[in-house]
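Reproduced below: upload.cif, with mmCIF, C-alpha atoms.
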```cif
data_structure
#
loop_
_atom_site.group_PDB
_atom_site.id
_atom_site.type_symbol
_atom_site.label_atom_id
_atom_site.label_comp_id
_atom_site.auth_asym_id
_atom_site.auth_seq_id
_atom_site.Cartn_x
_atom_site.Cartn_y
_atom_site.Cartn_z
ATOM 1 C CA MET A 1 -23.019 48.754 -14.684
ATOM 2 C CA LYS A 2 -23.449 46.928 -11.331
ATOM 3 C CA LYS A 3 -26.452 45.048 -12.703
ATOM 4 C CA ARG A 4 -24.434 43.917 -15.708
ATOM 5 C CA ILE A 5 -21.578 42.661 -13.513
ATOM 6 C CA ILE A 6 -24.011 40.836 -11.228
ATOM 7 C CA ALA A 7 -25.767 39.291 -14.243
ATOM 8 C CA VAL A 8 -22.443 38.092 -15.672
ATOM 9 C CA LEU A 9 -21.386 36.657 -12.294
ATOM 10 C CA LEU A 10 -24.709 34.848 -11.874
ATOM 11 C CA ALA A 11 -24.425 33.421 -15.381
ATOM 12 C CA LEU A 12 -20.882 32.257 -14.671
ATOM 13 C CA VAL A 13 -21.903 30.626 -11.370
ATOM 14 C CA THR A 14 -24.828 28.894 -13.101
ATOM 15 C CA ILE A 15 -22.588 27.575 -15.880
ATOM 16 C CA LEU A 16 -19.975 26.322 -13.410
ATOM 17 C CA SER A 17 -22.647 24.663 -11.250
ATOM 18 C CA PHE A 18 -24.126 22.939 -14.281
ATOM 19 C CA ALA A 19 -20.686 21.756 -15.398
ATOM 20 C CA ALA A 20 -19.950 20.311 -11.943
ATOM 21 C CA CYS A 21 -23.306 18.513 -11.834
ATOM 22 C CA SER A 22 -22.791 17.139 -15.329
ATOM 23 C CA LYS A 23 -19.390 15.703 -14.411
ATOM 24 C CA THR A 24 -20.773 14.121 -11.248
ATOM 25 C CA SER A 25 -23.751 12.518 -12.952
ATOM 26 C CA ALA A 26 -21.589 11.295 -15.836
ATOM 27 C CA SER A 27 -19.152 9.804 -13.354
ATOM 28 C CA ASN A 28 -21.973 8.180 -11.361
ATOM 29 C CA LYS A 29 -23.319 6.715 -14.577
ATOM 30 C CA GLU A 30 -19.868 5.290 -15.316
ATOM 31 C CA VAL A 31 -19.684 3.705 -11.833
ATOM 32 C CA THR A 32 -23.097 2.105 -12.357
ATOM 33 C CA LYS A 33 -22.034 0.885 -15.806
ATOM 34 C CA LEU A 34 -18.825 -0.675 -14.447
ATOM 35 C CA ILE A 35 -20.698 -2.374 -11.585
ATOM 36 C CA THR A 36 -23.211 -3.789 -14.052
ATOM 37 C CA GLN A 37 -20.411 -5.065 -16.316
ATOM 38 C CA MET A 38 -18.665 -6.795 -13.395
ATOM 39 C CA HIS A 39 -21.849 -8.558 -12.339
ATOM 40 C CA GLU A 40 -22.750 -9.575 -15.895
ATOM 41 C CA LEU A 41 -19.302 -11.144 -16.262
ATOM 42 C CA TYR A 42 -19.780 -12.871 -12.896
ATOM 43 C CA LYS A 43 -23.119 -14.338 -14.017
ATOM 44 C CA LYS A 44 -21.404 -15.806 -17.084
ATOM 45 C CA ASP A 45 -18.486 -17.315 -15.151
ATOM 46 C CA PRO A 46 -18.836 -17.209 -11.340
ATOM 47 C CA VAL A 47 -16.627 -20.212 -10.623
ATOM 48 C CA ILE A 48 -13.435 -19.660 -8.686
ATOM 49 C CA GLY A 49 -12.511 -23.325 -8.511
ATOM 50 C CA THR A 50 -9.004 -24.040 -9.690
ATOM 51 C CA GLN A 51 -8.357 -20.397 -10.641
ATOM 52 C CA GLY A 52 -7.812 -19.459 -7.027
ATOM 53 C CA VAL A 53 -9.305 -16.450 -5.293
ATOM 54 C CA ASP A 54 -6.481 -14.078 -6.243
ATOM 55 C CA ASN A 55 -7.047 -14.784 -9.951
ATOM 56 C CA ALA A 56 -10.791 -14.446 -9.458
ATOM 57 C CA MET A 57 -10.215 -11.003 -7.946
ATOM 58 C CA LYS A 58 -8.074 -9.941 -10.893
ATOM 59 C CA LYS A 59 -10.651 -11.250 -13.367
ATOM 60 C CA PHE A 60 -12.942 -8.370 -12.432
ATOM 61 C CA ASP A 61 -10.234 -5.731 -12.308
ATOM 62 C CA ILE A 62 -10.896 -2.395 -13.988
ATOM 63 C CA PRO A 63 -8.016 -0.681 -15.810
ATOM 64 C CA GLU A 64 -6.541 2.326 -14.029
ATOM 65 C CA ASP A 65 -7.163 4.650 -16.970
ATOM 66 C CA LYS A 66 -10.930 4.080 -16.572
ATOM 67 C CA VAL A 67 -11.044 4.959 -12.867
ATOM 68 C CA LYS A 68 -8.042 7.187 -12.135
ATOM 69 C CA ASP A 69 -10.205 10.341 -11.970
ATOM 70 C CA PHE A 70 -12.939 8.790 -9.818
ATOM 71 C CA THR A 71 -13.679 10.183 -6.381
ATOM 72 C CA SER A 72 -12.909 8.195 -3.252
ATOM 73 C CA GLU A 73 -16.616 7.458 -2.848
ATOM 74 C CA GLU A 74 -16.842 6.068 -6.373
ATOM 75 C CA LEU A 75 -13.755 3.888 -5.934
ATOM 76 C CA LEU A 76 -15.101 2.497 -2.672
ATOM 77 C CA GLU A 77 -18.505 1.908 -4.279
ATOM 78 C CA LEU A 78 -16.820 -0.152 -6.998
ATOM 79 C CA THR A 79 -14.870 -2.100 -4.384
ATOM 80 C CA LEU A 80 -17.946 -2.893 -2.299
ATOM 81 C CA ASN A 81 -19.698 -4.113 -5.443
ATOM 82 C CA HIS A 82 -16.924 -6.507 -6.458
ATOM 83 C CA PRO A 83 -18.679 -9.790 -7.321
ATOM 84 C CA HIS A 84 -16.471 -11.754 -4.901
ATOM 85 C CA ILE A 85 -16.804 -9.399 -1.937
ATOM 86 C CA HIS A 86 -18.828 -12.088 -0.154
ATOM 87 C CA LEU A 87 -15.639 -14.146 0.148
ATOM 88 C CA ILE A 88 -14.432 -11.898 2.968
ATOM 89 C CA SER A 89 -16.592 -14.059 5.236
ATOM 90 C CA ALA A 90 -14.715 -17.173 4.098
ATOM 91 C CA TYR A 91 -11.466 -16.155 5.781
ATOM 92 C CA ASN A 92 -10.635 -16.324 9.458
ATOM 93 C CA ASP A 93 -8.615 -13.161 8.950
ATOM 94 C CA ARG A 94 -10.418 -10.438 6.976
ATOM 95 C CA MET A 95 -7.055 -8.860 6.183
ATOM 96 C CA THR A 96 -6.300 -11.754 3.812
ATOM 97 C CA MET A 97 -9.260 -10.724 1.692
ATOM 98 C CA ILE A 98 -8.331 -7.049 1.964
ATOM 99 C CA GLY A 99 -4.858 -8.007 0.696
ATOM 100 C CA LEU A 100 -6.352 -9.878 -2.246
ATOM 101 C CA LEU A 101 -8.479 -6.857 -3.089
ATOM 102 C CA GLU A 102 -5.493 -4.539 -2.779
ATOM 103 C CA ASN A 103 -3.398 -6.767 -4.989
ATOM 104 C CA GLY A 104 -5.997 -7.594 -7.610
ATOM 105 C CA PHE A 105 -8.489 -4.740 -7.874
ATOM 106 C CA THR A 106 -7.241 -1.383 -9.133
ATOM 107 C CA PRO A 107 -10.148 0.741 -7.819
ATOM 108 C CA PHE A 108 -9.399 -0.448 -4.285
ATOM 109 C CA ARG A 109 -5.665 0.151 -4.632
ATOM 110 C CA LEU A 110 -6.367 3.700 -5.861
ATOM 111 C CA PHE A 111 -8.862 4.231 -3.038
ATOM 112 C CA LEU A 112 -6.211 3.378 -0.434
ATOM 113 C CA GLN A 113 -4.004 6.129 -1.875
ATOM 114 C CA LYS A 114 -6.649 8.840 -1.428
ATOM 115 C CA ASP A 115 -6.112 11.397 1.338
ATOM 116 C CA ASP A 116 -9.757 11.246 2.382
ATOM 117 C CA ALA A 117 -10.008 7.429 2.442
ATOM 118 C CA LYS A 118 -10.494 7.194 6.237
ATOM 119 C CA THR A 119 -13.238 9.813 6.179
ATOM 120 C CA VAL A 120 -15.017 8.082 3.315
ATOM 121 C CA VAL A 121 -14.848 4.674 5.021
ATOM 122 C CA ALA A 122 -16.260 6.210 8.208
ATOM 123 C CA SER A 123 -19.083 7.798 6.218
ATOM 124 C CA PHE A 124 -19.871 4.556 4.369
ATOM 125 C CA THR A 125 -19.775 2.606 7.637
ATOM 126 C CA GLU A 126 -22.391 4.960 9.096
ATOM 127 C CA SER A 127 -24.791 5.233 6.178
ATOM 128 C CA TYR A 128 -23.901 3.051 3.187
ATOM 129 C CA LYS A 129 -26.813 2.119 0.968
ATOM 130 C CA PRO A 130 -25.844 -0.394 -1.733
ATOM 131 C CA SER A 131 -26.513 0.660 -5.307
ATOM 132 C CA ARG A 132 -27.971 -2.752 -6.087
ATOM 133 C CA ASP A 133 -30.222 -5.290 -4.409
ATOM 134 C CA ILE A 134 -28.190 -7.478 -2.069
ATOM 135 C CA ASN A 135 -28.892 -10.401 0.190
ATOM 136 C CA GLU A 136 -28.022 -10.722 3.872
ATOM 137 C CA VAL A 137 -24.719 -12.490 3.176
ATOM 138 C CA ASP A 138 -23.594 -9.651 0.892
ATOM 139 C CA GLU A 139 -24.738 -7.066 3.432
ATOM 140 C CA ASN A 140 -22.662 -8.725 6.177
ATOM 141 C CA SER A 141 -19.723 -9.063 3.784
ATOM 142 C CA ILE A 142 -19.873 -5.353 3.011
ATOM 143 C CA LYS A 143 -19.848 -4.553 6.738
ATOM 144 C CA GLU A 144 -16.872 -6.882 7.247
ATOM 145 C CA THR A 145 -15.109 -5.325 4.263
ATOM 146 C CA LEU A 146 -15.578 -1.806 5.628
ATOM 147 C CA ILE A 147 -14.143 -2.928 8.978
ATOM 148 C CA GLY A 148 -11.197 -4.539 7.156
ATOM 149 C CA ILE A 149 -10.591 -1.414 5.082
ATOM 150 C CA ARG A 150 -10.669 0.730 8.210
ATOM 151 C CA ASP A 151 -8.155 -1.606 9.862
ATOM 152 C CA ARG A 152 -5.970 -1.529 6.730
ATOM 153 C CA LEU A 153 -5.997 2.284 6.692
ATOM 154 C CA ASP A 154 -5.140 2.418 10.396
ATOM 155 C CA ASN A 155 -2.058 0.282 9.672
ATOM 156 C CA LYS A 156 -0.781 1.959 6.505
ATOM 157 C CA GLU A 157 2.790 0.948 7.222
ATOM 158 C CA THR A 158 1.749 -2.699 6.941
ATOM 159 C CA SER A 159 1.251 -3.993 3.439
ATOM 160 C CA TYR A 160 -1.083 -6.902 2.978
ATOM 161 C CA VAL A 161 -0.301 -7.214 -0.706
ATOM 162 C CA THR A 162 0.629 -10.813 -1.463
ATOM 163 C CA ASP A 163 2.478 -10.241 -4.726
ATOM 164 C CA LYS A 164 2.824 -7.713 -7.540
#
```
Output the file's structure in the form of structure tokens.
Amino acid sequence: MKKRIIAVLLALVTILSFAACSKTSASNKEVTKLITQMHELYKKDPVIGTQGVDNAMKKFDIPEDKVKDFTSEELLELTLNHPHIHLISAYNDRMTMIGLLENGFTPFRLFLQKDDAKTVVASFTESYKPSRDINEVDENSIKETLIGIRDRLDNKETSYVTDK
């Protein structure tokens, strides 16, 4: 009888482990797919020009229903792979760019609402490895963005959103 109970418990643990791994890999595949789609769209129409940066941010937005169940890490990964993330270096105040992201990019807005956001930013700041090949400008922009996100999270009572 004990052997049967142990066998059933082991089978249940195996099934649950497999289900958890399947969900994670499916979600990671979705993150990679969304990043690829953003960058393909950017290659077709990278110009900000007269659209303004805020409209350029919104152009690459991802609907909430596609990302609402993503983990904090996945939402931050999407944010750091936004095609216009390099523009953070163009501002004297990185919080302007953080505000544009918050206002125009749903994955970032959802990330800011996560309870573990500070922990995830700290982890990414320590050991982030981009999921795509990047140049030095993008690498510096990602570092600046992580600093800006950390500052934004430290000042939650302050909203940098420009409009809704």
*Which residues come within 9 Å of Glu77 of chain A, counting all atoms listed in the file, excluding same-chain residues fewer than 3 positions away, as number ranges by chain?*
A: 31, 35, 72-74, 80-82, 130-131
*Pick the closest to Lys58 of chain A from A:Asn103, A:Thr145, A:Ser123, A:Asn140: which is it, counting all atoms listed in the file?*
A:Asn103
*List, as number ranges by chain, every residue that the PyMOL selection byres ((chain A and resi 61) around 12) selects in the file provided.*
A: 34-35, 37-39, 41-42, 54-60, 62-67, 78-79, 81-84, 100-109
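Distance check against Thr96 of chain A using only C-alpha atoms: of A:Asp69, A:Thr36, A:Tyr128, A:Ile149, the minimum falls on A:Ile149.
Excluding Ala122 of chain A itself and same-chain residues fewer than 6 positions from it, the residues having an atom within 12 Å of it are A:Glu73, A:Leu76, A:Asp116, A:Tyr128, A:Lys143, A:Leu146, A:Ile147, A:Gly148, A:Ile149, A:Arg150, A:Asp151, A:Leu153, A:Asp154, counting all atoms listed in the file.
Interatomic distance, atom CA of Ile88 of chain A to atom CA of Ser141 of chain A: 6.1 Å.
For the choices A:Val121, A:Asp45, A:Phe70, A:Met97, the atom-to-atom distance to Glu30 of chain A is smallest for A:Phe70 when using all atoms listed in the file.
Taking all atoms listed in the file into account, His86 of chain A lies nearest to A:Glu139 out of the set A:Gly99, A:Phe111, A:Glu40, A:Glu139.
As for atom CA of Arg94 of chain A and atom CA of Asn28 of chain A, they are spaced 28.6 Å apart.
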Listed atoms of segment 138-144 of chain A boxed axis-aligned with 3 Å per side, centre + edges as JSON:
```
{"center_x": -20.8, "center_y": -7.1, "center_z": 4.1, "size_x": 13.9, "size_y": 11.1, "size_z": 12.4}
```
*atom CA of Leu87 of chain A to atom CA of Lys43 of chain A, straight-line distance in Å*: 16.0 Å
